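Visitor: Structure provided below as structure tokens; questions to follow.
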Number of protein chains: 4
Amino acid sequence: MKQKLRGVFTPNLVPLDARGDINEDELRRYVDWLIAGGVHGLYPNGSTGEFTRFTVEERQRIIRIVCDQANGRVPILAGAAEANVKETIRACELYHEYGATAVAIVSPFYYKLSPESVYAYFREIALNSPIDVTLYNIPMFASPIDVPTIKRLSEFERVIGIKDSSGDVAFMCRMINAIRPLRPDFTFLTGWDVVLMPMLIMGADGGTNATSGIVPELMRKLYDLVMAGRQDEALPLQMRILEVFDAMLYSADFPEGFRAAVELRGFDFGAGRQPLSATQKVDRAALQRVLQCILADFGVVDAPLEGCAPRTGNIEQDKVRQVTDAVMARLRDRGVV
Amino acid sequence: MKQKLRGVFTPNLVPLDARGDINEDELRRYVDWLIAGGVHGLYPNGSTGEFTRFTVEERQRIIRIVCDQANGRVPILAGAAEANVKETIRACELYHEYGATAVAIVSPFYYKLSPESVYAYFREIALNSPIDVTLYNIPMFASPIDVPTIKRLSEFERVIGIKDSSGDVAFMCRMINAIRPLRPDFTFLTGWDVVLMPMLIMGADGGTNATSGIVPELMRKLYDLVMAGRQDEALPLQMRILEVFDAMLYSADFPEGFRAAVELRGFDFGAGRQPLSATQKVDRAALQRVLQCILADFGVVDAPLEGCAPRTGNIEQDKVRQVTDAVMARLRDRGVV
Amino acid sequence: MKQKLRGVFTPNLVPLDARGDINEDELRRYVDWLIAGGVHGLYPNGSTGEFTRFTVEERQRIIRIVCDQANGRVPILAGAAEANVKETIRACELYHEYGATAVAIVSPFYYKLSPESVYAYFREIALNSPIDVTLYNIPMFASPIDVPTIKRLSEFERVIGIKDSSGDVAFMCRMINAIRPLRPDFTFLTGWDVVLMPMLIMGADGGTNATSGIVPELMRKLYDLVMAGRQDEALPLQMRILEVFDAMLYSADFPEGFRAAVELRGFDFGAGRQPLSATQKVDRAALQRVLQCILADFGVVDAPLEGCAPRTGNIEQDKVRQVTDAVMARLRDRGVV
Amino acid sequence: MKQKLRGVFTPNLVPLDARGDINEDELRRYVDWLIAGGVHGLYPNGSTGEFTRFTVEERQRIIRIVCDQANGRVPILAGAAEANVKETIRACELYHEYGATAVAIVSPFYYKLSPESVYAYFREIALNSPIDVTLYNIPMFASPIDVPTIKRLSEFERVIGIKDSSGDVAFMCRMINAIRPLRPDFTFLTGWDVVLMPMLIMGADGGTNATSGIVPELMRKLYDLVMAGRQDEALPLQMRILEVFDAMLYSADFPEGFRAAVELRGFDFGAGRQPLSATQKVDRAALQRVLQCILADFGVVDAPLEGCAPRTGNIEQDKVRQVTDAVMARLRDRGVV
């Protein structure tokens with residue numbers, strides 16, 4: 001019998017080499033590290049994985065590498081959205097061959113489509129895909145998938161779940177309320193890391209959480225605590241994860257903050273595909289220092305040599321402070337001040 | 001020592017008589033019924049109470065009646081927003097005299113103000129109000145109050161809490177995370193009934209929930225179950241409350257759906273101040289029938305005589321069905337079909 | 001026969017005295033100055049006039065003063081929106097007695113109403129007002145009035161026009177296209193000063209333009225040039241008015257930038273009703289200096305003594321520059337630098 | 001010396017054959033027809049051309065075919081946005097070889113980027129493209145390009161203009177005001193067909209107008225009338241074009257309404273790449289009948305055999321009416337009624 005998708009899935013970032021190409025060795029090392037960190041599954045070619053910034057061939061290669069490296073240790077949810085229905089179905093076929101467990105397909109983007117068009121799009125895929133399909137709702141980036149549409153699509157056996165990145169707990173409740181009675185096997189995953197705990201309590205099966213690409217051990221721990229009913233321990237952990245998530249999400253254009261953070265865990269991810277201006281490069285370095293301080297509090301990385309100023313809760317202020325302190329420290333080293 | 005505001009507060013609707021004036025007898029009867037139903041407090045002149053549709057004198061009269069009728073049995077959180085800072089402070093003084101426990105003041109509306117202006121507005125009130133002040137954040141209707149601004153305002157002892165109607169659980173977590181360490185006595189209330197359970201679990205102190213004006217016994221029960229850690233029983237109740245809330249909120253212009261519902265509990269609320277078109281009147285009657293069926297499931301009202309069709313989860317479809325069924329029933333009664 | 005409303009109407013600001021009350025003398029002087037400046041009419045109690053920040057009695061007094069002072073020299077379009085339909089109709093009756101030419105009524109705000117509710121609201125007013133009614137559409141602040149609703153409302157003879165502050169030229173075209181064939185007498189006014197010229201060319205009858213409260217002579221000139229078909233002269237004037245409008249609108253919470261500007265014309269408007277934080281006061285002073293430089297270019301005010309730095313087109317940069325220059329000038333005066 | 005891009009450019013739709021592939025013969029015939037219809041240029045791979053729904057290879061083929069078929073008769077503005085900067089520059093190189101006049105590059109989409117990132121993206125392209133670049137601002141679909149960013153980018157000689165689909169005349173004025181003094185050769189094109197006339201009057205150089213793909217002769221005429229200063233004739237034409245544009249844009253998910261319309265001009269465009277539900281197919285047929293009636297008024301197509309009901313201005317009502325009338329006509333033909 002098919003296993004329901006459950007737990008924490010990592011929408012993994014993709015490391016690049018000096019020429020901007022996929023760094024396969026580092027990607028394989030990263031996959032191993034994530035699995036060792038305890039994540040329940042991987043979700044390559046998600047939004048965090050910058051799927052739109054790769055070519056078709058590169059997207060295929062990413063799935064092939066991740067499936068190969070995971071080698072059955074954890075399920076792979078493969079992002080399979082392509083330019084149109086025909087191309088997307090082709091990707092479904094290919095990723096099925098590669099050994100992916102299921103695909104995740106984002107609602108059509110660029111054009112903002114009506115629910116009827118969203119339905120027609122996924123219906124065609126549901127009828128033709130050789131692999132199970134997870135809908136992917138991310139209304140800030142793509143055409144929204146509303147509850148009636150999800151309900152209609154849940155009539156196709158091939159559609160086995162939804163990954164929702166709205167962050168709206170009420171919306172999650174509405175989905176579960178509408179669909180679970182008809183399809184108990186339907187999987188509900190949240191992409192909003194800061195509410196993983198309440199989502200799980202209200203009935204979600206897990207999450208596809210970018211933060212688990214940075215601190216897999218902590219996201220796994222949060223999941224385990226909640227599932228074990230140890231909410232008193234889970235709550236403060238969830239609250240602290242909020243700080244690191246917000247810092248990564250709101251301090252740079254997504255997902256650059258996550259790229260800056262993963263390097264602190266000992267990986268070389270290279271320069272991203274979206275170029276940074278000179279100002280942004282300075283800003284990224286400051287953010288990285290703040291993130292190092294936050295992660296040091298969790299004990300997963302060392303604090304910077306010159307120490308960490310107390311954080312204010314306002315990430316922009318904290319970035320400025322870190323830069324100032326670092327400059328002062330260097331000046332002191334040189335005997336200038 | 002001051003008691004922290006906790007539990008379920010009802011933002012009560014206001015019954016009107018045939019001339020459109022405040023129906024004082026019915027309002028007093030309604031206050032008694034709500035208290036008997038178990039709500040922890042009342043919140044007159046909230047958004048549900050249509051405060052903007054009353055005159056200054058009427059808003060004062062509503063607070064006077066509610067304070068007088070409650071007579072100390074439950075705390076009163078009095079909505080006190082007026083045209084400008086001076087008038088608002090005057091209302092604070094008056095409601096203090098009336099015996100209100102605290103006031104709730106919505107962020108400036110109509111104009112969309114910057115955080116700095118929102119701060120300046122509440123600062124002036126905090127410095128001059130003789131009664132404790134609860135901030136009221138409702139970004140869909142008024143200038144948003146962001147976390148840094150709430151933090152700055154929490155430095156005033158007079159500001160004792162926030163009532164947030166964003167419905168965003170992550171935002172609630174951010175507020176609690178930022179302010180509770182500095183002000184453990186600060187109260188966090190949610191105005192979004194469908195996520196009362198997860199909000200409480202994440203640390204909120206209670207809610208100002210319009211649904212408690214319709215089914216006070218159920219909202220109280222939900223609160224008690226969650227606080228007692230009986231989440232297995234709370235979860236299905238929260239899920240069912242979602243259905244009634246959504247039906248009341250999304251099927252008519254707010255708060256007309258709630259007015260239609262409260263009549264089912266045996267109150268005469270009269271025609272609202274916002275006129276209805278002919279079409280809207282028909283629609284309201286259909287909604288009321290659907291609501292009667294939903295509430296009948298809870299056992300708090302009787303089902304309609306002609307029974308209830310199975311609900312589809314799509315309130316618009318259900319309304320049409322109810323109307324059709326009612327028409328058919330009458331035709332059958334008359335031997336036409 | 002009734003005269004159609006045409007031309008430039010000033011939504012006048014309201015001067016306050018040291019205690020924050022209406023400064024009647026200054027208001028009367030301002031009315032005279034505006035009429036002398038050539039505006040075709042006045043529009044007290046508009047959004048620029050901060051109608052929501054006054055009490056009912058103050059709103060009445062504002063209309064009474066403006067009608068009295070204008071004394072028939074120009075038509076008065078009186079903002080008459082009150083808490084509900086009954087109160088609004090009462091205001092219509094009163095302003096009719098005061099001698100207003102017509103009233104302007106903003107769509108219901110705070111609650112976001114559906115087109116059907118917007119229709120029901122204005123229908124009730126149209127059936128009961130003794131004075132002609134202009135609809136007021138300002139979707140950024142109030143429930144939007146869509147074209148089908150305007151068309152339905154134009155069936156009431158009492159509804160004689162619309163004042164639209166969407167700033168959308170295409171929307172203006174849609175309104176004119178839909179309604180003018182049925183009601184050639186219907187008036188279309190735009191509240192978006194930076195597109196007065198294209199709006200007039202596409203068929204609008206005029207505007208209610210806050211900028212005309214600051215530079216009445218220039219807005220009148222722009223109107224006259226466009227109506228005379230002298231577009232070559234109108235275009236550069238419209239483009240330059242854009243700079244002053246943007247500076248006033250986007251550099252402070254509306255309408256504080258306009259209050260800062262009108263003082264440059266020799267009026268004492270006092271502190272506004274919305275309090276300013278310490279930071280905002282500094283910022284307002286900087287803005288005022290930039291505005292003085294912009295207006296000096298038009299020759300309507302003198303340049304600051306220490307002169308004007310070249311403007312960058314980025315108002316925030318310009319504000320900083322002005323402050324720096326002023327500080328440097330004073331330091332030089334004192335021989336410090 | 002380089003010729004500035006001016007006039008009406010058609011963002012051409014792409015005809016598909018029965019298998020869903022590019023129908024090259026029909027595309028070539030369409031290019032000829034558009035040029036014969038008087039458009040000043042072609043803009044393949046625009047939003048109307050559904051560039052996101054084609055593969056990289058197909059996008060290249062479309063440019064190759066259009067360049068080849070136009071064969072220098074009109075300038076080609078080639079949409080060149082690809083997955084990332086490197087791929088986009090590669091497309092620029094290729095389209096330069098194909099003989100395109102310039103490329104148009106939409107701001108990064110899917111992710112919503114900050115102005116700084118938008119700048120960094122286009123800067124990289126400006127420094128490396130061998131062909132002139134037009135920025136493409138379409139804030140409803142892609143990251144917005146604000147005026148300060150456009151100004152910064154106008155410092156690169158390679159950036160020769162902007163195509164703006166915001167539809168905001170004030171925004172156009174702001175751009176022209178900020179950039180034309182520094183770069184008199186910079187081209188401003190509007191993608192919002194219903195305000196082509198006011199845009200041209202305020203200084204725009206032309207438009208990339210989807211409507212010109214349906215009625216090239218009318219959009220050309222509108223342009224010529226405005227440029228000749230014959231505004232009295234231009235105004236009613238612009239107003240009538242509004243009706244056809246609105247019908248095509250708002251009655252189906254973009255650009256399906258335009259696909260339905262172009263078939264009325266005698267082209268076989270085949271089924272689109274975005275699948276239609278059964279309901280949508282019925283709706284599309286109804287829309288096509290309404291469009292036929294609208295276009296028949298212009299004399300560019302024949303009216304339907306069963307004639308045209310008077311239009312109400314409400315396209316949804318008109319669609320229902322057309323369907324009903326057509327059914328009744330057929331029933332009458334068969335002697336049923």
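The chains in the structure tokens are called A, B, ... from first to last as shown; in each chain the residues are counted from 1, and the ligands are counted from 1 in the order shown.
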Which residues, written as a PyMOL selection string, have at least one atom at most 6 Å from range 49-57 of chain B, with only C-alpha atoms counted and residues fewer than 3 positions away on the same chain left out?

Guide: (chain B and resi 12-14+45-46+60) or (chain C and resi 83-84)

Visitor: The selected residues should be written to file as a compact mmCIF listing (two decimals), in the first residue's frame (atoms: C-alpha atoms).

Guide:
```
# COMPACT_ATOMS: atom_id res chain seq x y z
CA ASN B 12 -21.93 42.47 20.45
CA LEU B 13 -24.32 43.43 17.70
CA VAL B 14 -26.86 46.16 18.46
CA ASN B 45 -18.77 49.32 19.74
CA GLY B 46 -16.56 46.89 17.90
CA GLN B 60 -22.11 56.54 24.28
CA ALA C 83 -22.50 57.81 9.91
CA ASN C 84 -25.47 56.30 8.11
```

Visitor: Within 10 Å of range 74-79 of chain D, counting only C-alpha atoms, which residues qualify if same-chain residues fewer than 2 places away don't, as a PyMOL selection string?

Guide: chain D and resi 3+5-6+9-11+35+38-47+49+51+59-60+62-64+66-67+70-72+81-82+88+91-92+95-96+98-106+132-134+136+208

Visitor: Using only C-alpha atoms and a distance of at most 10 Å, pull out the residues of chain B that contact chain C, as a PyMOL selection string.

Guide: chain B and resi 20+47+50-56+82-87+108-114+116-124+140-142+252-255+273-280

Visitor: For Ala309 in chain A, list every protein, DNA or RNA residue within 8 Å, evaluated using only C-alpha atoms, and leave out those in the same chain fewer than 4 positions away; present the list as a list in words.

Guide: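 So the residues in contact are Arg321, Gln322 and Asp325 of chain A.
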
Visitor: Give me the residues within 9 Å of Leu200 in chain C as an NGL selection string, counting only C-alpha atoms and dropping any in the same chain fewer than 5 places off.

Guide: :C and (189-190 or 195 or 205-207 or 223 or 226-227)

Visitor: Hey, what does DSSP flag as helix (DSSP H, G or I) within range 126-326 of chain D? Can you give it to me as an NGL selection string?

Guide: :D and (126-128 or 147-153 or 169-179 or 193-201 or 210-213 or 216-227 or 231-250 or 256-265 or 278-297 or 315-326)

Visitor: Quick one: pick out all strand (DSSP E) residues within range 32-266 of chain C from a backbone DSSP run and write them as number ranges by chain.

Guide: C: 41-42, 77-79, 102-106, 133-137, 159-164, 187-190, 206-208

Visitor: Residues at most 7 Å from Leu16 in chain A, counting only C-alpha atoms, excluding those fewer than 3 positions away in the same chain, as a ChimeraX atom specification?

Guide: /A:20-23,269-271

Visitor: Calculate how many Å separate CA of Ile315 in chain D from CA of Phe298 in chain D, rounding to one decimal.

Guide: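 We find that CA of Ile315 in chain D and CA of Phe298 in chain D lie 17.5 Å from each other.
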
Visitor: In Å, rounded to a single decimal, give me how far CA of Met239 in chain D is from CA of Arg183 in chain C.

Guide: 16.7 Å

Visitor: Quick one: residues within 9 Å of Asn177 in chain C, only C-alpha atoms, excluding same-chain residues fewer than 6 positions away - as an mmCIF file with N, CA, C and O atoms, in the first residue's frame?

Guide:
```
data_model
loop_
_atom_site.group_PDB
_atom_site.id
_atom_site.type_symbol
_atom_site.label_atom_id
_atom_site.label_comp_id
_atom_site.auth_asym_id
_atom_site.auth_seq_id
_atom_site.Cartn_x
_atom_site.Cartn_y
_atom_site.Cartn_z
ATOM 1 N N MET D 239 -12.901 55.587 -27.777
ATOM 2 C CA MET D 239 -13.972 55.142 -26.896
ATOM 3 C C MET D 239 -14.576 53.817 -27.386
ATOM 4 O O MET D 239 -14.926 52.954 -26.593
ATOM 5 N N ARG D 240 -14.666 53.672 -28.702
ATOM 6 C CA ARG D 240 -15.233 52.441 -29.235
ATOM 7 C C ARG D 240 -14.240 51.283 -29.121
ATOM 8 O O ARG D 240 -14.632 50.133 -28.936
ATOM 9 N N LEU D 242 -12.323 50.906 -26.736
ATOM 10 C CA LEU D 242 -12.453 50.501 -25.335
ATOM 11 C C LEU D 242 -13.426 49.322 -25.202
ATOM 12 O O LEU D 242 -13.178 48.386 -24.442
ATOM 13 N N GLU D 243 -14.510 49.367 -25.938
ATOM 14 C CA GLU D 243 -15.496 48.292 -25.808
ATOM 15 C C GLU D 243 -14.925 46.946 -26.253
ATOM 16 O O GLU D 243 -15.071 45.936 -25.563
#
```

Visitor: Skip Val244 in chain C itself and residues of its chain fewer than 5 positions away, then list as a CSV table (one decimal) with all heavy atoms, in the first residue's frame all residues within 10 Å of it, counting only C-alpha atoms.

Guide:
```csv
chain,number,residue,atom,x,y,z
C,194,VAL,N,-2.6,65.0,-11.3
C,194,VAL,CA,-1.6,64.8,-12.2
C,194,VAL,C,-2.1,64.4,-13.6
C,194,VAL,O,-1.3,64.3,-14.5
C,194,VAL,CB,-0.5,63.8,-11.7
C,194,VAL,CG1,0.3,64.5,-10.6
C,194,VAL,CG2,-1.2,62.6,-11.2
C,211,THR,N,-4.4,70.2,-5.3
C,211,THR,CA,-3.3,71.1,-5.7
C,211,THR,C,-3.9,72.5,-5.9
C,211,THR,O,-3.2,73.5,-5.7
C,211,THR,CB,-2.6,70.6,-6.9
C,211,THR,OG1,-2.2,69.3,-6.7
C,211,THR,CG2,-1.4,71.4,-7.3
C,214,ILE,N,-3.4,75.0,-3.2
C,214,ILE,CA,-2.1,75.5,-3.0
C,214,ILE,C,-1.7,76.5,-4.0
C,214,ILE,O,-1.2,77.6,-3.8
C,214,ILE,CB,-1.0,74.3,-3.0
C,214,ILE,CG1,-1.5,73.2,-2.1
C,214,ILE,CG2,0.3,74.8,-2.5
C,214,ILE,CD1,-1.9,73.5,-0.7
C,215,VAL,N,-2.0,76.1,-5.3
C,215,VAL,CA,-1.6,77.0,-6.4
C,215,VAL,C,-2.9,77.1,-7.3
C,215,VAL,O,-2.9,76.7,-8.5
C,215,VAL,CB,-0.4,76.4,-7.3
C,215,VAL,CG1,0.9,76.7,-6.5
C,215,VAL,CG2,-0.6,74.9,-7.5
C,239,MET,N,3.0,68.8,-16.5
C,239,MET,CA,4.2,68.0,-16.1
C,239,MET,C,4.8,68.6,-14.9
C,239,MET,O,5.3,67.9,-14.0
C,239,MET,CB,5.2,67.9,-17.2
C,239,MET,CG,4.8,67.0,-18.4
C,239,MET,SD,4.8,65.2,-17.8
C,239,MET,CE,4.7,64.4,-19.4
C,249,LEU,N,1.9,64.7,-1.9
C,249,LEU,CA,1.2,63.5,-1.7
C,249,LEU,C,2.0,62.4,-1.1
C,249,LEU,O,1.6,61.7,-0.1
C,249,LEU,CB,0.5,63.0,-3.0
C,249,LEU,CG,-0.4,61.8,-2.8
C,249,LEU,CD1,-1.7,62.3,-2.0
C,249,LEU,CD2,-0.8,61.2,-4.1
C,258,PHE,N,0.0,68.7,2.1
C,258,PHE,CA,-0.8,69.9,1.5
C,258,PHE,C,-0.9,71.0,2.6
C,258,PHE,O,-0.8,72.2,2.3
C,258,PHE,CB,-2.1,69.4,1.0
C,258,PHE,CG,-2.1,68.6,-0.2
C,258,PHE,CD1,-1.8,67.2,-0.1
C,258,PHE,CD2,-2.2,69.1,-1.5
C,258,PHE,CE1,-1.7,66.4,-1.2
C,258,PHE,CE2,-2.1,68.3,-2.6
C,258,PHE,CZ,-1.9,67.0,-2.5
C,261,ALA,N,2.3,72.8,2.6
C,261,ALA,CA,2.4,73.7,1.4
C,261,ALA,C,1.6,74.9,1.5
C,261,ALA,O,2.1,76.0,1.1
C,261,ALA,CB,2.0,72.9,0.2
C,290,VAL,N,11.6,72.0,0.6
C,290,VAL,CA,11.7,71.5,-0.8
C,290,VAL,C,10.5,72.1,-1.5
C,290,VAL,O,10.6,72.6,-2.7
C,290,VAL,CB,11.6,70.0,-0.8
C,290,VAL,CG1,11.5,69.5,-2.3
C,290,VAL,CG2,12.8,69.4,-0.1
C,291,LEU,N,9.3,72.1,-0.9
C,291,LEU,CA,8.1,72.6,-1.5
C,291,LEU,C,8.3,74.1,-1.8
C,291,LEU,O,7.9,74.6,-2.9
C,291,LEU,CB,6.9,72.5,-0.6
C,291,LEU,CG,6.4,71.0,-0.6
C,291,LEU,CD1,5.3,70.9,0.5
C,291,LEU,CD2,5.8,70.6,-1.9
C,292,GLN,N,8.9,74.8,-0.9
C,292,GLN,CA,9.2,76.2,-1.2
C,292,GLN,C,10.0,76.4,-2.4
C,292,GLN,O,9.8,77.3,-3.3
C,292,GLN,CB,9.9,76.9,0.0
C,292,GLN,CG,10.0,78.4,-0.1
C,292,GLN,CD,10.5,79.0,1.2
C,292,GLN,OE1,10.7,78.4,2.2
C,292,GLN,NE2,10.7,80.3,1.2
C,293,CYS,N,11.0,75.6,-2.6
C,293,CYS,CA,11.9,75.7,-3.8
C,293,CYS,C,11.1,75.4,-5.1
C,293,CYS,O,11.2,76.0,-6.1
C,293,CYS,CB,13.0,74.7,-3.7
C,293,CYS,SG,14.2,75.2,-2.4
C,294,ILE,N,10.2,74.3,-5.0
C,294,ILE,CA,9.4,74.0,-6.2
C,294,ILE,C,8.5,75.1,-6.5
C,294,ILE,O,8.4,75.6,-7.6
C,294,ILE,CB,8.6,72.7,-5.9
C,294,ILE,CG1,9.5,71.5,-5.6
C,294,ILE,CG2,7.7,72.4,-7.1
C,294,ILE,CD1,8.8,70.2,-5.3
C,295,LEU,N,7.8,75.7,-5.5
C,295,LEU,CA,6.8,76.7,-5.7
C,295,LEU,C,7.5,78.0,-6.2
C,295,LEU,O,7.0,78.8,-7.0
C,295,LEU,CB,6.0,77.0,-4.5
C,295,LEU,CG,5.0,75.8,-4.1
C,295,LEU,CD1,4.2,76.3,-2.9
C,295,LEU,CD2,4.2,75.4,-5.2
```
